[in-house]
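This report concerns only the one structure given below.
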Amino acid sequence: MFKCHQPFISIEKKFLEPVLDYLNRLALLEILGLVGNLSLLVGVIVFIAGEQDRRNAEVYQAWQVVTAAYDQAGSGGRKEALEFLNSEPRRIPWFWLTWRRQSLEGLEAPKAYLRGVQLSDAELVNANLQQANLFAANLQKANLYAAKLQKADLSKANLKDARLYRANLQGASLSEAQLQKARLYRANLQQAILDAANLHNASLLVTNLQQSYLEEANLQKAILFKANLSGADLSGADLQQARFSRTNLQEADLSGANLKETDLSRANLQDALYSDETTSEAACEILYITYPCPTIFPEGFDPKAAGMKLIKEEEDIPEG
């Protein structure tokens, strides 16, 4: 019997056992593959679940940079940190995860170097940015309610649609700044420099612009209800269709300004300066306006009857 079964035993050992061994190994590999895939899936879930903690850590580090650089004249990394805090980043490849921008309310960054910083739509309520360098900064639609911006450099800054209610811009430089549709209700712009600034459609209700510099500024259709522009330099400014209801323009310089279609019936123009076709070339040159430099008034308006003073020669220009 043994001799009869020996060929079958030989065949089993040579052929069947290797096949069975291969099949066992294949099943084990499949199990190991499944376990590996499951481990990978668990790892991905844990990683995604930790995204909030990583985001919180990044926000904390950014605020640490901002705080550490307090009262420094340089950037100190604040520019990049503030841009990060104000951003809404997405996580790749988790494209569905979007983080909310952080509020910058009450930010303390006086004298900060933030040239060209990108902070559109930022919440900067009560922020302290006194003497900060914000040259060419993007602050479009930013909320700067009651912000402290005294002597800040905002030259060529983008402040379109910005909310500057009760903001203190005393002595600030806003040369060539974009202020279209900006809301400056009760803002303090005393002695601010706004030459060639664009204030088209801006709202300057009850705003203090006393002794400010607005040479060649664009104030077309601007609302200047109860604004204080006494002693302001508006030479060569474009004031077409602006609304000057109960506006104080005493001793303001309106030489060479364009007041076409502007309602001046309720404005206080006592001792305000103007020019006409008789104004000399030398006087226009001192006023930095192109000769001839007549002030363009609304049709039928009499500047003398409004108490205004004509500049004819150099000696007619008040000192300062």
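In the structure tokens, the first chain shown is A, the next is B, and so on; residue numbers restart at 1 for each chain, and ligands run from 1 in the order shown.
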Given only C-alpha atoms, how would the per-residue table for region 224-244 of chain A near region 263-278 of chain A read, listing every residue at most 9 Å away with its closest atom pair and distance in Å to one decimal, sorted by chain and number, as CSV?
residue,atom,partner,partner_atom,distance
A:Lys226,CA,A:Ala267,CA,8.8
A:Ser230,CA,A:Ala272,CA,8.4
A:Gly231,CA,A:Ala272,CA,8.0
A:Ser235,CA,A:Tyr274,CA,8.6
A:Gln241,CA,A:Asp263,CA,7.2
A:Ala242,CA,A:Asp263,CA,7.1
A:Arg243,CA,A:Asp263,CA,5.9
A:Phe244,CA,A:Ala267,CA,5.8
Selected residues written out, N, CA, C and O atoms, as a PDB file, in the first residue's frame:
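Once written, result-v8.pdb looks like this:
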ATOM      1  N   LYS A 226     -21.099 119.901   7.564  1.00  0.00           N
ATOM      2  CA  LYS A 226     -20.574 120.418   8.838  1.00  0.00           C
ATOM      3  C   LYS A 226     -19.069 120.193   9.007  1.00  0.00           C
ATOM      4  O   LYS A 226     -18.537 120.222  10.124  1.00  0.00           O
ATOM      5  N   SER A 230     -11.535 125.246   7.859  1.00  0.00           N
ATOM      6  CA  SER A 230     -10.995 126.589   8.061  1.00  0.00           C
ATOM      7  C   SER A 230      -9.472 126.552   7.946  1.00  0.00           C
ATOM      8  O   SER A 230      -8.811 125.701   8.530  1.00  0.00           O
ATOM      9  N   GLY A 231      -8.940 127.465   7.140  1.00  0.00           N
ATOM     10  CA  GLY A 231      -7.497 127.545   6.952  1.00  0.00           C
ATOM     11  C   GLY A 231      -6.913 126.428   6.110  1.00  0.00           C
ATOM     12  O   GLY A 231      -5.694 126.326   5.975  1.00  0.00           O
ATOM     13  N   SER A 235      -6.043 124.700  -2.841  1.00  0.00           N
ATOM     14  CA  SER A 235      -5.638 125.287  -4.119  1.00  0.00           C
ATOM     15  C   SER A 235      -5.547 124.208  -5.193  1.00  0.00           C
ATOM     16  O   SER A 235      -4.947 123.158  -4.996  1.00  0.00           O
ATOM     17  N   GLN A 241     -19.378 119.423  -7.881  1.00  0.00           N
ATOM     18  CA  GLN A 241     -20.573 118.762  -7.347  1.00  0.00           C
ATOM     19  C   GLN A 241     -20.414 118.299  -5.893  1.00  0.00           C
ATOM     20  O   GLN A 241     -21.174 117.457  -5.416  1.00  0.00           O
ATOM     21  N   ALA A 242     -19.414 118.835  -5.201  1.00  0.00           N
ATOM     22  CA  ALA A 242     -19.273 118.511  -3.774  1.00  0.00           C
ATOM     23  C   ALA A 242     -20.379 119.201  -2.990  1.00  0.00           C
ATOM     24  O   ALA A 242     -20.888 120.240  -3.390  1.00  0.00           O
ATOM     25  N   ARG A 243     -20.755 118.621  -1.859  1.00  0.00           N
ATOM     26  CA  ARG A 243     -21.815 119.195  -1.028  1.00  0.00           C
ATOM     27  C   ARG A 243     -21.205 119.819   0.227  1.00  0.00           C
ATOM     28  O   ARG A 243     -20.664 119.116   1.077  1.00  0.00           O
ATOM     29  N   PHE A 244     -21.307 121.152   0.287  1.00  0.00           N
ATOM     30  CA  PHE A 244     -20.694 121.905   1.373  1.00  0.00           C
ATOM     31  C   PHE A 244     -21.734 122.432   2.360  1.00  0.00           C
ATOM     32  O   PHE A 244     -21.615 123.530   2.861  1.00  0.00           O
TER      33      PHE A 244
END
What is the CA of Ser245 (chain A) to CA of Tyr165 (chain A) distance in Å?
19.2 Å
Under the rule of at most 6 Å, produce a per-residue listing of region 235-304 of chain A near region 312-318 of chain A: chain, number, name, the closest pair of atoms, and the distance in Å, as a tab-separated table, using only C-alpha atoms.
residue	atom	partner	partner_atom	distance
A:Thr279	CA	A:Lys312	CA	4.1
A:Ser280	CA	A:Glu313	CA	5.7
A:Ala283	CA	A:Glu314	CA	4.7
Take the selection from the previous step and output its residues with N, CA and C atoms, as a CSV table (one decimal), in the first residue's frame.
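Resulting contents of part-v6.csv:
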chain,number,residue,atom,x,y,z
A,279,THR,N,-5.4,137.4,-11.8
A,279,THR,CA,-4.3,136.9,-10.9
A,279,THR,C,-3.0,136.8,-11.7
A,280,SER,N,-2.0,137.4,-11.2
A,280,SER,CA,-0.7,137.4,-11.9
A,280,SER,C,0.0,136.0,-12.0
A,283,ALA,N,1.9,135.2,-8.8
A,283,ALA,CA,1.1,134.7,-7.7
A,283,ALA,C,0.7,133.3,-7.9
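With distances restricted to only C-alpha atoms, A:Gln131 is the closest residue to Gln170 (chain A) from A:Asn198, A:Gln52, A:Gln72, A:Gln131.
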Secondary structure check, helix (DSSP H, G or I) residues of region 60-197 of chain A, as a compact mmCIF listing (two decimals) with N, CA, C and O atoms, in the first residue's frame:
# COMPACT_ATOMS: atom_id res chain seq x y z
N TYR A 60 -0.99 81.88 17.42
CA TYR A 60 -0.30 82.27 18.65
C TYR A 60 1.11 82.79 18.33
O TYR A 60 1.54 83.82 18.87
N GLN A 61 1.83 82.08 17.46
CA GLN A 61 3.18 82.49 17.08
C GLN A 61 3.18 83.84 16.37
O GLN A 61 4.06 84.68 16.61
N ALA A 62 2.17 84.06 15.50
CA ALA A 62 2.07 85.35 14.79
C ALA A 62 1.84 86.49 15.77
O ALA A 62 2.45 87.57 15.65
N TRP A 63 0.96 86.27 16.75
CA TRP A 63 0.72 87.31 17.76
C TRP A 63 1.96 87.54 18.62
O TRP A 63 2.22 88.67 19.05
N GLN A 64 2.73 86.50 18.86
CA GLN A 64 3.97 86.64 19.62
C GLN A 64 4.95 87.57 18.88
O GLN A 64 5.62 88.39 19.50
N VAL A 65 5.01 87.40 17.56
CA VAL A 65 5.88 88.25 16.73
C VAL A 65 5.43 89.71 16.81
O VAL A 65 6.24 90.62 16.97
N VAL A 66 4.11 89.94 16.70
CA VAL A 66 3.56 91.30 16.75
C VAL A 66 3.84 91.94 18.11
O VAL A 66 4.26 93.09 18.20
N THR A 67 3.64 91.17 19.18
CA THR A 67 3.84 91.68 20.53
C THR A 67 5.31 91.96 20.81
O THR A 67 5.66 92.99 21.40
N ALA A 68 6.18 91.05 20.36
CA ALA A 68 7.62 91.20 20.61
C ALA A 68 8.21 92.43 19.90
O ALA A 68 9.20 93.00 20.37
N ARG A 78 6.48 91.98 11.80
CA ARG A 78 5.06 92.29 12.01
C ARG A 78 4.26 92.29 10.71
O ARG A 78 3.11 91.86 10.69
N LYS A 79 4.87 92.79 9.65
CA LYS A 79 4.15 92.89 8.38
C LYS A 79 3.62 91.53 7.94
O LYS A 79 2.43 91.37 7.66
N GLU A 80 4.50 90.54 7.90
CA GLU A 80 4.10 89.20 7.48
C GLU A 80 3.13 88.57 8.48
O GLU A 80 2.17 87.89 8.09
N ALA A 81 3.38 88.83 9.77
CA ALA A 81 2.51 88.26 10.82
C ALA A 81 1.10 88.83 10.72
O ALA A 81 0.11 88.09 10.83
N LEU A 82 0.98 90.12 10.51
CA LEU A 82 -0.33 90.76 10.41
C LEU A 82 -1.06 90.31 9.15
O LEU A 82 -2.28 90.11 9.17
N GLU A 83 -0.33 90.18 8.06
CA GLU A 83 -0.95 89.69 6.81
C GLU A 83 -1.47 88.26 7.00
O GLU A 83 -2.54 87.91 6.51
N PHE A 84 -0.71 87.44 7.73
CA PHE A 84 -1.16 86.07 8.00
C PHE A 84 -2.42 86.07 8.86
O PHE A 84 -3.38 85.36 8.57
N LEU A 85 -2.43 86.88 9.92
CA LEU A 85 -3.58 86.93 10.82
C LEU A 85 -4.83 87.43 10.11
O LEU A 85 -5.95 87.03 10.45
Would you list the contacts of Ala187 (chain A) as a ChimeraX atom specification, taking every protein, DNA or RNA residue within 7 Å and counting only C-alpha atoms, but skipping same-chain residues closer than 4 positions in sequence?
/A:164-168,207-208
Just write the chosen residues, N, CA, C and O atoms, as a PDB file, in the first residue's frame.
ATOM      1  N   LEU A 164     -13.485 105.089   8.529  1.00  0.00           N
ATOM      2  CA  LEU A 164     -12.587 105.870   9.372  1.00  0.00           C
ATOM      3  C   LEU A 164     -13.369 106.749  10.341  1.00  0.00           C
ATOM      4  O   LEU A 164     -12.964 107.860  10.680  1.00  0.00           O
ATOM      5  N   TYR A 165     -14.508 106.248  10.819  1.00  0.00           N
ATOM      6  CA  TYR A 165     -15.311 106.998  11.773  1.00  0.00           C
ATOM      7  C   TYR A 165     -14.471 107.324  13.010  1.00  0.00           C
ATOM      8  O   TYR A 165     -13.847 106.437  13.594  1.00  0.00           O
ATOM      9  N   ARG A 166     -14.463 108.588  13.390  1.00  0.00           N
ATOM     10  CA  ARG A 166     -13.781 109.061  14.602  1.00  0.00           C
ATOM     11  C   ARG A 166     -12.288 108.727  14.621  1.00  0.00           C
ATOM     12  O   ARG A 166     -11.639 108.745  15.684  1.00  0.00           O
ATOM     13  N   ALA A 167     -11.726 108.405  13.483  1.00  0.00           N
ATOM     14  CA  ALA A 167     -10.286 108.122  13.428  1.00  0.00           C
ATOM     15  C   ALA A 167      -9.498 109.414  13.605  1.00  0.00           C
ATOM     16  O   ALA A 167      -9.907 110.477  13.155  1.00  0.00           O
ATOM     17  N   ASN A 168      -8.347 109.310  14.273  1.00  0.00           N
ATOM     18  CA  ASN A 168      -7.489 110.475  14.485  1.00  0.00           C
ATOM     19  C   ASN A 168      -6.351 110.426  13.480  1.00  0.00           C
ATOM     20  O   ASN A 168      -5.427 109.627  13.612  1.00  0.00           O
ATOM     21  N   THR A 207     -16.323 116.391   9.949  1.00  0.00           N
ATOM     22  CA  THR A 207     -14.902 116.039   9.983  1.00  0.00           C
ATOM     23  C   THR A 207     -14.052 117.281  10.205  1.00  0.00           C
ATOM     24  O   THR A 207     -14.336 118.338   9.660  1.00  0.00           O
ATOM     25  N   ASN A 208     -12.982 117.139  10.986  1.00  0.00           N
ATOM     26  CA  ASN A 208     -12.081 118.253  11.241  1.00  0.00           C
ATOM     27  C   ASN A 208     -10.923 118.220  10.250  1.00  0.00           C
ATOM     28  O   ASN A 208     -10.037 117.365  10.342  1.00  0.00           O
TER      29      ASN A 208
END
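Here the question is which of A:Lys181, A:Arg100, A:Arg186, A:Lys148 gets nearest to Ala132 (chain A) using only C-alpha atoms, and that residue is A:Lys148.
Those residues that approach Leu154 (chain A) to within 8 Å, counting only C-alpha atoms, are A:Asn133, A:Leu134, A:Phe135, A:Ala136, A:Ala137, A:Ala172, A:Ser173, A:Leu174, A:Ser175, A:Ala177; same-chain residues fewer than 5 positions away are not listed.
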Using the selection just defined, write its residues with N, CA, C and O atoms as a PDB file, in the first residue's frame.
ATOM      1  N   ASN A 133       4.659 103.636   9.397  1.00  0.00           N
ATOM      2  CA  ASN A 133       4.927 103.776   7.967  1.00  0.00           C
ATOM      3  C   ASN A 133       4.008 102.827   7.213  1.00  0.00           C
ATOM      4  O   ASN A 133       4.236 101.623   7.157  1.00  0.00           O
ATOM      5  N   LEU A 134       2.928 103.396   6.657  1.00  0.00           N
ATOM      6  CA  LEU A 134       1.927 102.627   5.914  1.00  0.00           C
ATOM      7  C   LEU A 134       1.904 103.056   4.452  1.00  0.00           C
ATOM      8  O   LEU A 134       0.875 103.033   3.796  1.00  0.00           O
ATOM      9  N   PHE A 135       3.061 103.464   3.957  1.00  0.00           N
ATOM     10  CA  PHE A 135       3.174 103.911   2.567  1.00  0.00           C
ATOM     11  C   PHE A 135       2.709 102.806   1.624  1.00  0.00           C
ATOM     12  O   PHE A 135       3.137 101.658   1.719  1.00  0.00           O
ATOM     13  N   ALA A 136       1.791 103.158   0.715  1.00  0.00           N
ATOM     14  CA  ALA A 136       1.260 102.222  -0.295  1.00  0.00           C
ATOM     15  C   ALA A 136       0.600 100.990   0.327  1.00  0.00           C
ATOM     16  O   ALA A 136       0.493  99.941  -0.308  1.00  0.00           O
ATOM     17  N   ALA A 137       0.139 101.113   1.565  1.00  0.00           N
ATOM     18  CA  ALA A 137      -0.545  99.993   2.222  1.00  0.00           C
ATOM     19  C   ALA A 137      -1.923  99.782   1.604  1.00  0.00           C
ATOM     20  O   ALA A 137      -2.566 100.730   1.148  1.00  0.00           O
ATOM     21  N   ALA A 172      -1.333 113.459   9.707  1.00  0.00           N
ATOM     22  CA  ALA A 172      -0.970 112.291   8.885  1.00  0.00           C
ATOM     23  C   ALA A 172      -0.710 112.699   7.442  1.00  0.00           C
ATOM     24  O   ALA A 172      -1.261 113.686   6.948  1.00  0.00           O
ATOM     25  N   SER A 173       0.128 111.941   6.771  1.00  0.00           N
ATOM     26  CA  SER A 173       0.413 112.189   5.352  1.00  0.00           C
ATOM     27  C   SER A 173      -0.423 111.241   4.509  1.00  0.00           C
ATOM     28  O   SER A 173      -0.259 110.021   4.587  1.00  0.00           O
ATOM     29  N   LEU A 174      -1.334 111.823   3.703  1.00  0.00           N
ATOM     30  CA  LEU A 174      -2.209 111.046   2.831  1.00  0.00           C
ATOM     31  C   LEU A 174      -2.037 111.489   1.377  1.00  0.00           C
ATOM     32  O   LEU A 174      -2.970 111.425   0.587  1.00  0.00           O
ATOM     33  N   SER A 175      -0.838 111.911   1.039  1.00  0.00           N
ATOM     34  CA  SER A 175      -0.559 112.360  -0.321  1.00  0.00           C
ATOM     35  C   SER A 175      -0.847 111.247  -1.323  1.00  0.00           C
ATOM     36  O   SER A 175      -0.385 110.118  -1.152  1.00  0.00           O
ATOM     37  N   ALA A 177      -3.268 109.451  -1.703  1.00  0.00           N
ATOM     38  CA  ALA A 177      -4.000 108.301  -1.157  1.00  0.00           C
ATOM     39  C   ALA A 177      -5.321 108.106  -1.891  1.00  0.00           C
ATOM     40  O   ALA A 177      -5.931 109.060  -2.365  1.00  0.00           O
TER      41      ALA A 177
END
